[in-house]
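Novice: So I've got this file, upload_8.txt, and it contains compact mmCIF, C-alpha atoms:
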```
# COMPACT_ATOMS: atom_id res chain seq x y z
CA MET A 41 48.07 156.96 118.20
CA ILE A 42 45.66 159.04 116.14
CA ALA A 43 45.19 157.42 112.71
CA THR A 44 43.41 160.34 111.07
CA LEU A 45 44.86 163.19 109.04
CA LEU A 46 43.44 166.26 107.36
CA GLY A 47 44.85 166.90 103.92
CA LYS A 48 44.53 168.19 100.42
CA LYS A 49 43.91 166.23 97.22
CA ILE A 50 46.79 166.95 94.83
CA GLY A 51 45.76 164.84 91.85
CA MET A 52 46.00 161.43 90.25
CA THR A 53 48.88 159.65 88.55
CA GLN A 54 50.20 156.13 88.10
CA ILE A 55 53.19 154.32 89.60
CA TYR A 56 54.79 150.93 89.05
CA ASP A 57 55.02 148.71 92.12
CA ALA A 58 57.69 146.13 92.95
CA GLN A 59 55.97 143.56 90.69
CA ASN A 60 56.04 146.04 87.77
CA VAL A 61 52.28 146.46 87.95
CA LEU A 62 50.99 149.91 87.04
CA ILE A 63 48.81 151.21 89.88
CA PRO A 64 46.50 154.25 89.61
CA VAL A 65 47.06 156.43 92.67
CA THR A 66 45.71 159.65 94.12
CA VAL A 67 48.32 161.91 95.70
CA VAL A 68 47.18 163.44 98.99
CA GLU A 69 49.14 166.01 100.91
CA ALA A 70 48.25 164.91 104.44
CA GLY A 71 49.28 166.87 107.49
CA PRO A 72 51.28 167.87 109.43
CA CYS A 73 48.26 168.29 111.66
CA PRO A 74 48.77 170.02 115.02
CA VAL A 75 46.52 169.00 117.91
CA VAL A 76 44.46 172.11 118.69
CA GLN A 77 42.28 170.91 121.54
CA ILE A 78 41.62 167.84 123.63
CA LYS A 79 38.06 166.97 124.60
CA THR A 80 37.41 164.66 127.52
CA VAL A 81 34.40 163.05 129.15
CA GLU A 82 34.82 165.36 132.14
CA THR A 83 34.67 168.61 130.20
CA ASP A 84 32.74 167.75 127.03
CA GLY A 85 31.00 164.44 127.67
CA TYR A 86 33.11 162.50 125.14
CA HIS A 87 36.72 161.85 124.16
CA ALA A 88 38.07 163.55 121.04
CA VAL A 89 40.95 165.56 119.67
CA GLN A 90 40.74 168.56 117.40
CA LEU A 91 43.22 168.52 114.54
CA GLY A 92 44.26 171.48 112.41
CA PHE A 93 45.64 171.69 108.88
CA GLY A 94 47.09 174.42 106.71
CA GLY A 95 47.49 178.01 107.82
CA ARG A 96 45.81 181.40 107.67
CA LYS A 97 47.62 184.72 107.38
CA PRO A 98 47.39 186.64 110.68
CA GLN A 99 45.22 189.32 109.05
CA ASN A 100 42.82 186.71 107.67
CA ALA A 101 42.24 184.80 110.90
CA THR A 102 39.33 185.84 113.08
CA LYS A 103 40.18 186.71 116.68
CA ALA A 104 38.33 183.63 117.87
CA GLU A 105 40.35 181.38 115.54
CA ALA A 106 43.63 183.05 116.39
CA GLN A 107 43.08 182.84 120.15
CA HIS A 108 41.97 179.21 119.88
CA ALA A 109 45.22 178.37 118.09
CA LYS A 110 47.27 180.46 120.51
CA LYS A 111 45.79 178.55 123.44
CA ALA A 112 47.20 175.34 121.94
CA GLY A 113 50.58 177.04 121.54
CA LEU A 114 50.50 177.07 117.73
CA ALA A 115 52.51 179.63 115.77
CA VAL A 116 50.08 179.61 112.81
CA THR A 117 46.29 179.60 112.86
CA PRO A 118 45.11 176.44 111.05
CA ARG A 119 42.86 176.96 108.01
CA VAL A 120 40.88 173.77 108.62
CA ILE A 121 39.94 172.28 111.99
CA ASN A 122 38.29 168.91 112.43
CA GLU A 123 37.43 166.72 115.35
CA VAL A 124 38.38 163.04 115.69
CA ARG A 125 36.42 160.95 118.17
CA LEU A 126 38.46 158.61 120.37
CA PRO A 127 37.32 155.58 122.39
CA SER A 128 39.39 156.59 125.42
CA ALA A 129 41.33 159.54 126.77
CA ALA A 130 43.81 161.03 124.32
CA THR A 131 47.49 160.35 124.87
CA VAL A 132 48.49 163.52 123.00
CA LYS A 133 48.46 167.09 124.22
CA PRO A 134 47.67 170.39 122.45
CA GLY A 135 50.56 171.45 120.24
CA ASP A 136 51.58 167.89 119.35
CA ILE A 137 51.85 167.23 115.64
CA VAL A 138 50.37 164.26 113.79
CA THR A 139 52.12 163.38 110.52
CA VAL A 140 51.94 160.74 107.79
CA ALA A 141 53.98 158.55 110.15
CA ALA A 142 50.56 157.68 111.63
CA PHE A 143 50.05 155.47 108.57
CA THR A 144 52.04 152.56 107.16
CA GLU A 145 52.48 151.51 103.55
CA GLY A 146 49.92 148.87 102.64
CA GLN A 147 47.45 150.06 105.26
CA ILE A 148 43.75 150.19 104.34
CA VAL A 149 42.21 153.64 104.76
CA ASP A 150 38.96 155.55 104.22
CA VAL A 151 38.99 158.94 102.51
CA LEU A 152 36.29 161.54 103.20
CA GLY A 153 35.59 164.62 101.15
CA VAL A 154 33.07 166.67 99.21
CA SER A 155 32.45 165.31 95.71
CA LYS A 156 32.65 167.53 92.62
CA GLY A 157 29.51 169.61 92.07
CA LYS A 158 27.58 168.70 88.92
CA SER A 159 24.89 171.43 89.21
CA PHE A 160 21.22 170.75 88.28
CA GLN A 161 21.03 167.50 86.32
CA GLY A 162 18.32 165.40 84.72
CA VAL A 163 17.49 161.82 85.60
CA VAL A 164 19.67 160.28 82.88
CA LYS A 165 22.91 161.62 84.37
CA ARG A 166 21.76 161.80 87.99
CA PHE A 167 20.16 158.36 88.37
CA ARG A 168 21.43 156.46 85.30
CA VAL A 169 17.90 156.30 83.85
CA ALA A 170 18.09 154.84 80.33
CA GLY A 171 16.19 157.61 78.52
CA GLY A 172 14.31 157.16 75.28
CA PRO A 173 15.25 156.65 71.62
CA ALA A 174 17.25 159.46 70.05
CA ALA A 175 15.43 159.42 66.68
CA HIS A 176 12.48 157.96 64.71
CA GLY A 177 10.23 160.73 66.02
CA SER A 178 10.04 159.32 69.52
CA MET A 179 9.89 162.84 71.07
CA PHE A 180 10.97 161.18 74.32
CA HIS A 181 14.70 161.67 74.70
CA ARG A 182 15.99 162.30 78.22
CA ARG A 183 12.67 162.73 80.01
CA ILE A 184 11.74 161.38 83.39
CA GLY A 185 8.87 159.07 82.34
CA SER A 186 6.11 157.91 84.61
CA VAL A 187 6.32 158.93 88.26
CA GLY A 188 3.52 156.78 89.62
CA MET A 189 0.24 154.87 89.25
CA ARG A 190 -3.41 156.05 89.26
CA GLN A 191 -5.99 156.96 91.87
CA THR A 192 -4.30 154.37 94.04
CA PRO A 193 -1.99 155.50 95.55
CA GLY A 194 -2.89 158.92 94.15
CA ARG A 195 0.46 160.39 95.07
CA VAL A 196 4.10 160.11 94.11
CA TRP A 197 6.16 157.67 96.16
CA LYS A 198 8.94 158.99 98.30
CA ASN A 199 12.42 158.79 96.75
CA GLN A 200 10.97 158.98 93.20
CA ARG A 201 13.97 159.74 90.99
CA MET A 202 13.61 163.25 89.61
CA PRO A 203 15.89 165.95 88.21
CA GLY A 204 17.73 168.06 90.76
CA HIS A 205 21.06 169.08 92.19
CA MET A 206 23.86 166.54 91.78
CA GLY A 207 27.28 166.41 93.37
CA SER A 208 28.83 168.49 96.15
CA ASP A 209 27.90 165.71 98.57
CA TYR A 210 30.00 164.67 101.55
CA ARG A 211 31.21 161.21 100.59
CA THR A 212 33.38 158.51 102.11
CA VAL A 213 35.35 156.10 99.94
CA GLN A 214 36.14 153.05 102.02
CA ASN A 215 38.97 150.54 101.98
CA LEU A 216 41.61 152.14 99.78
CA ARG A 217 45.20 150.97 100.08
CA VAL A 218 48.09 153.28 100.94
CA VAL A 219 50.55 152.39 98.20
CA LYS A 220 53.39 154.66 99.21
CA ILE A 221 54.27 157.26 101.83
CA ILE A 222 56.67 160.10 101.11
CA ALA A 223 57.28 161.34 104.64
CA ASP A 224 59.57 164.29 103.90
CA LYS A 225 56.90 165.88 101.70
CA ASN A 226 53.89 164.75 103.81
CA LEU A 227 52.47 162.82 100.88
CA LEU A 228 50.27 159.72 100.83
CA LEU A 229 49.80 157.79 97.59
CA ILE A 230 46.42 156.07 97.83
CA LYS A 231 45.22 153.52 95.29
CA GLY A 232 42.13 154.60 93.38
CA ALA A 233 39.99 157.71 93.16
CA ILE A 234 38.83 159.91 96.04
CA PRO A 235 36.06 162.54 96.24
CA GLY A 236 36.55 166.15 95.19
CA ALA A 237 38.54 168.23 92.75
CA ASN A 238 42.29 168.69 92.90
CA GLY A 239 43.11 171.05 95.76
CA ASP A 240 40.01 170.14 97.80
CA ASP A 241 40.23 169.32 101.49
CA VAL A 242 39.95 165.65 102.41
CA ILE A 243 40.21 163.53 105.53
CA VAL A 244 42.20 160.29 105.57
CA ARG A 245 41.56 157.83 108.37
CA ALA A 246 42.31 154.21 109.16
CA ALA A 247 39.55 152.11 107.57
CA LYS A 248 36.55 151.53 109.82
CA LYS A 249 35.56 148.25 108.18
CA ALA A 250 38.89 146.94 106.89
CA ARG A 251 38.96 143.17 106.46
CA LYS A 252 41.41 141.48 108.77
CA ALA A 253 44.26 140.11 106.66
CA MET B 144 51.37 169.10 85.19
CA ASN B 145 51.46 169.52 88.93
CA GLN B 146 55.05 169.76 90.17
CA ILE B 147 54.46 167.35 93.08
CA ILE B 148 53.13 164.68 90.72
CA LYS B 149 56.01 165.28 88.35
CA ASP B 150 58.47 164.69 91.20
CA ILE B 151 56.74 161.47 92.27
CA THR B 152 56.80 159.92 88.80
CA ALA B 153 60.20 161.31 87.81
CA ALA B 154 62.05 158.29 89.19
CA GLN B 155 60.02 155.89 87.03
CA VAL B 156 59.95 157.85 83.78
CA LYS B 157 62.61 156.64 81.36
CA ASN B 158 64.29 159.74 80.04
CA LEU B 159 65.26 158.32 76.68
CA ILE B 160 65.77 160.99 74.09
CA THR B 161 63.41 159.75 71.35
CA PRO B 162 64.79 156.22 71.02
CA PHE B 163 62.25 155.63 68.26
CA LYS B 164 59.68 157.57 66.26
CA VAL B 165 56.36 156.90 64.61
CA GLY B 166 57.02 154.95 61.39
CA ASP B 167 60.11 153.17 62.69
CA GLY B 168 60.42 149.43 62.38
CA VAL B 169 61.17 148.20 65.92
CA ARG B 170 61.80 145.07 67.94
CA VAL B 171 60.31 145.41 71.44
CA HIS B 172 61.83 143.18 74.11
CA THR B 173 59.40 142.51 76.95
CA LYS B 174 59.81 140.51 80.11
CA VAL B 175 57.21 137.76 80.45
CA ARG B 176 56.59 135.84 83.65
CA GLU B 177 55.63 132.21 83.29
CA GLY B 178 55.08 130.68 86.68
CA ASP B 179 58.24 131.63 88.56
CA LYS B 180 60.36 131.81 85.41
CA GLU B 181 61.06 134.97 83.50
CA ARG B 182 61.92 135.14 79.83
CA VAL B 183 62.17 137.81 77.15
CA GLN B 184 59.62 138.00 74.38
CA VAL B 185 60.18 140.00 71.21
CA PHE B 186 57.44 141.80 69.28
CA ALA B 187 58.59 143.23 65.96
CA GLY B 188 56.62 145.65 63.80
CA VAL B 189 56.00 149.26 62.87
CA VAL B 190 55.31 151.99 65.45
CA ILE B 191 52.00 153.48 64.28
CA ALA B 192 51.29 155.84 67.20
CA ILE B 193 52.88 157.39 70.28
CA LYS B 194 50.38 158.69 72.81
CA GLY B 195 50.42 160.45 76.16
CA SER B 196 53.25 162.02 78.10
CA GLY B 197 55.21 161.44 81.26
CA ILE B 198 54.47 158.19 83.09
CA HIS B 199 51.36 157.57 80.95
CA GLU B 200 53.17 157.53 77.60
CA THR B 201 52.41 154.52 75.37
CA PHE B 202 53.25 153.40 71.85
CA THR B 203 51.41 151.09 69.47
CA VAL B 204 53.27 148.55 67.37
CA ARG B 205 51.58 146.88 64.39
CA ARG B 206 52.74 143.76 62.63
CA ILE B 207 51.31 141.21 60.20
CA SER B 208 51.37 137.82 61.84
CA TYR B 209 50.37 134.84 59.66
CA GLY B 210 48.43 137.20 57.39
CA GLU B 211 46.54 138.74 60.28
CA GLY B 212 47.19 142.30 61.52
CA VAL B 213 48.21 142.39 65.21
CA GLU B 214 48.61 145.55 67.28
CA ARG B 215 50.11 145.80 70.74
CA VAL B 216 50.18 148.86 72.97
CA PHE B 217 53.26 149.15 75.21
CA PRO B 218 53.71 151.59 78.10
CA VAL B 219 56.99 153.39 77.39
CA ASN B 220 57.97 153.51 81.06
CA SER B 221 57.09 149.96 82.05
CA PRO B 222 59.98 148.08 83.63
CA ASN B 223 58.72 145.07 81.66
CA VAL B 224 59.64 146.77 78.39
CA GLU B 225 63.31 145.92 78.51
CA LYS B 226 64.53 147.60 75.35
CA VAL B 227 63.37 148.80 71.96
CA GLU B 228 65.65 148.15 69.00
CA VAL B 229 65.15 150.34 65.95
CA GLU B 230 65.52 148.28 62.78
CA LYS B 231 64.34 150.71 60.15
CA ASN B 232 63.96 154.47 60.06
CA SER B 233 61.40 156.35 58.03
CA LYS B 234 59.93 159.83 57.94
CA PRO B 235 56.15 159.60 57.68
CA GLY B 236 54.07 162.71 56.98
CA LYS B 237 51.62 161.86 59.76
CA ALA B 238 51.80 161.37 63.52
CA ARG B 239 49.42 158.40 63.51
CA LEU B 240 49.72 155.75 60.83
CA TYR B 241 46.22 154.32 61.16
CA TYR B 242 45.95 154.18 57.36
CA LEU B 243 48.08 151.01 57.49
CA ARG B 244 45.18 149.16 59.09
CA GLY B 245 43.10 148.75 55.96
CA ARG B 246 45.97 147.43 53.87
CA LYS B 247 46.94 143.95 52.81
CA GLY B 248 50.09 142.20 51.65
CA LYS B 249 53.24 144.13 50.90
CA ALA B 250 51.54 147.53 51.20
CA ALA B 251 50.56 146.84 54.79
CA MET B 252 54.02 147.68 56.10
CA ALA B 253 54.89 150.39 53.56
CA VAL B 254 55.07 153.70 55.43
CA LYS B 255 54.54 156.66 53.13
CA GLU B 256 57.54 158.99 53.32
CA LYS B 257 57.41 162.75 53.51
CA ARG B 258 58.53 164.53 50.35
CA PHE B 259 61.40 166.91 51.00
CA GLU B 260 62.09 168.32 47.52
CA ASP B 261 59.23 170.84 47.83
CA THR B 262 60.49 172.55 50.95
CA ALA B 263 64.06 172.56 49.65
CA ALA B 264 62.95 174.22 46.39
CA LYS B 265 61.18 177.05 48.23
CA ALA B 266 64.19 177.80 50.40
```
How does this structure look as structure tokens?
Specialist:
Amino acid sequence: MIATLLGKKIGMTQIYDAQNVLIPVTVVEAGPCPVVQIKTVETDGYHAVQLGFGGRKPQNATKAEAQHAKKAGLAVTPRVINEVRLPSAATVKPGDIVTVAAFTEGQIVDVLGVSKGKSFQGVVKRFRVAGGPAAHGSMFHRRIGSVGMRQTPGRVWKNQRMPGHMGSDYRTVQNLRVVKIIADKNLLLIKGAIPGANGDDVIVRAAKKARKA
Amino acid sequence: MNQIIKDITAAQVKNLITPFKVGDGVRVHTKVREGDKERVQVFAGVVIAIKGSGIHETFTVRRISYGEGVERVFPVNSPNVEKVEVEKNSKPGKARLYYLRGRKGKAAMAVKEKRFEDTAAKA
């Protein structure tokens, strides 16, 4: 069974569980994901399956995309395609569909996605540097401060925290709990926050480092 | 709000048509778990604010307990909030009655009412 799904972040809300505890959840529309291609050790050197998600209009799909989907016997060309590595030969075949049924309520999952872009930011926001006093003529408000020593070492250390681009990074949030599954709408309700803005593409997979219960 | 999220929370949102308003004197019955026993606790006071919408909606109740002001924020849709009895109605001129916080004694619970004569005279 493939325990990975491509999906879309819908947004956050809260729900009450059976113990009347209010739980913050992120709603993810996950799947249905058709299997587009199977990779094997014989042909590609490793085992993997290619999953698709969403759809392109026929006029918007490139010929390469359209033919690739047609080869798998899909009616629609997927908008997103992603590969999932497997330890052994896949038991599925192209055209099979993976749905939220791959997960169970209470399961621990990882969510992967691109975080919100924050543009060019200074060190205070980007690296939580404290900054200087706001008033009393300090003239040192949100500046970077010292970046090194003197003639020794005579250079700036690597990884010195400096202003620069923040956000839009590929991030994985590990060990989130699936609170609820709404199978008929392909929805997963996952406890906590996940990377990206509402509507962004995300990947949900069974947790790699989940603690054994 | 996103329609999908609305649908998810719809089942848990209590669709009570304004059971109480800001300024009302209320008795809030909440379920309290003590060990494996459950009992009902009552918190009586004046609603000084209603905030949020949908599943997030909350209301703040203020009371004077042994001379000390106490405020509690209740989620409207929590299953633990069993019922809200309205004891006293009033029509305050403001949506948030934070001006009650600085007051002492009898004035602390006196909600200022809206004056209606003015609007009636114009019409």
Novice: Determine which residues of chain A sit within 9 Å of chain B, taking into account only C-alpha atoms, and present them as a list in words.
Specialist: Ile50, Gly51, Met52, Thr53, Gln54, Ile55, Tyr56, Asn60, Val61, Leu62, Val67 and Ile222 of chain A
Novice: Suppose you want the space between CA of Pro72 in chain A and CA of Gly236 in chain A; what is it in Å?
Specialist: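 Between CA of Pro72 in chain A and CA of Gly236 in chain A the gap works out to 20.6 Å.
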Novice: Considering all atoms listed in the file, state which residue in the set B:Gln184, B:Ser208, B:Ser196, B:Ser233 is at the smallest distance from Val165 in chain B.
Specialist: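 Result for the nearest residue to Val165 in chain B: B:Ser233.
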Novice: Between A:His87, A:Lys198, A:Lys133, A:Arg125, which is the closest to Gly113 in chain A once you count only C-alpha atoms?
Specialist: A:Lys133
Novice: Please return, as an NGL selection string, all polymer residues that have at least one atom within 10 Å of the point (15.9, 155.4, 77.4); use all atoms listed in the file and the file's own coordinate frame.
Specialist: :A and (164 or 168-174 or 180-185)
Novice: If we count all atoms listed in the file, what is near range 106-108 of chain A at a cut-off of 8 Å, once residues fewer than 6 positions away on the same chain are taken out, given as JSON, numbers by chain?
Specialist: {"A": [76, 98, 117]}
Novice: If we count all atoms listed in the file, what is near range 103-105 of chain A at a cut-off of 12 Å, once residues fewer than 3 positions away on the same chain are taken out, given as a list of chain:residue names?
Specialist: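 So, after excluding close chain neighbours, the residues are A:Val76, A:Gly92, A:Gly95, A:Arg96, A:Lys97, A:Pro98, A:Gln99, A:Asn100, A:His108, A:Ala109, A:Lys110, A:Lys111, A:Ala112, A:Leu114, A:Val116, A:Thr117, A:Pro118, A:Arg119, A:Val120, A:Ile121.
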Novice: Would you compute the distance between CA of Val138 in chain A and CA of Val89 in chain A? Give it in Å to one decimal.
Specialist: 11.2 Å
Novice: Would you compute the distance between CA of Lys255 in chain B and CA of Asn158 in chain B? Give it in Å to one decimal.
Specialist: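 Rounded to one decimal, the two atoms are 28.8 Å apart.
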Novice: Could you tell me which of A:Phe167, A:Phe93, A:Phe143, A:Phe160 comes closest to Asp241 in chain A if we count only C-alpha atoms?
Specialist: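 The closest residue to Asp241 in chain A is A:Phe93.
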Novice: Find the residues with any atom within 10 Å of (60.8, 143.1, 78.4); use all atoms listed in the file and the coordinates as given in the file, and write the answer as an mmCIF file with C-alpha atoms, in the frame of the given file.
Specialist:
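The result, written out as result_0.cif:
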```cif
data_model
loop_
_atom_site.group_PDB
_atom_site.id
_atom_site.type_symbol
_atom_site.label_atom_id
_atom_site.label_comp_id
_atom_site.auth_asym_id
_atom_site.auth_seq_id
_atom_site.Cartn_x
_atom_site.Cartn_y
_atom_site.Cartn_z
ATOM 1 C CA VAL B 171 60.310 145.410 71.440
ATOM 2 C CA HIS B 172 61.830 143.180 74.110
ATOM 3 C CA THR B 173 59.400 142.510 76.950
ATOM 4 C CA LYS B 174 59.810 140.510 80.110
ATOM 5 C CA VAL B 175 57.210 137.760 80.450
ATOM 6 C CA ARG B 176 56.590 135.840 83.650
ATOM 7 C CA GLU B 181 61.060 134.970 83.500
ATOM 8 C CA ARG B 182 61.920 135.140 79.830
ATOM 9 C CA VAL B 183 62.170 137.810 77.150
ATOM 10 C CA GLN B 184 59.620 138.000 74.380
ATOM 11 C CA VAL B 185 60.180 140.000 71.210
ATOM 12 C CA PHE B 186 57.440 141.800 69.280
ATOM 13 C CA SER B 221 57.090 149.960 82.050
ATOM 14 C CA PRO B 222 59.980 148.080 83.630
ATOM 15 C CA ASN B 223 58.720 145.070 81.660
ATOM 16 C CA VAL B 224 59.640 146.770 78.390
ATOM 17 C CA GLU B 225 63.310 145.920 78.510
ATOM 18 C CA LYS B 226 64.530 147.600 75.350
ATOM 19 C CA VAL B 227 63.370 148.800 71.960
#
```
Novice: List the spatial neighbours of range 205-213 of chain A as a ChimeraX atom specification - criterion: any atom at most 9 Å away, only C-alpha atoms, same-chain residues fewer than 3 positions off excluded.
Specialist: /A:149-162,165-166,216,233-236
Novice: Restricting the output to C-alpha atoms, write the selected residues as a tab-separated table (two decimals), keeping the file's coordinate frame.
Specialist:
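Done, and the output landed in part_34.tsv:
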```
chain	number	residue	atom	x	y	z
A	149	VAL	CA	42.21	153.64	104.76
A	150	ASP	CA	38.96	155.55	104.22
A	151	VAL	CA	38.99	158.94	102.51
A	152	LEU	CA	36.29	161.54	103.20
A	153	GLY	CA	35.59	164.62	101.15
A	154	VAL	CA	33.07	166.67	99.21
A	155	SER	CA	32.45	165.31	95.71
A	156	LYS	CA	32.65	167.53	92.62
A	157	GLY	CA	29.51	169.61	92.07
A	158	LYS	CA	27.58	168.70	88.92
A	159	SER	CA	24.89	171.43	89.21
A	160	PHE	CA	21.22	170.75	88.28
A	161	GLN	CA	21.03	167.50	86.32
A	162	GLY	CA	18.32	165.40	84.72
A	165	LYS	CA	22.91	161.62	84.37
A	166	ARG	CA	21.76	161.80	87.99
A	216	LEU	CA	41.61	152.14	99.78
A	233	ALA	CA	39.99	157.71	93.16
A	234	ILE	CA	38.83	159.91	96.04
A	235	PRO	CA	36.06	162.54	96.24
A	236	GLY	CA	36.55	166.15	95.19
```
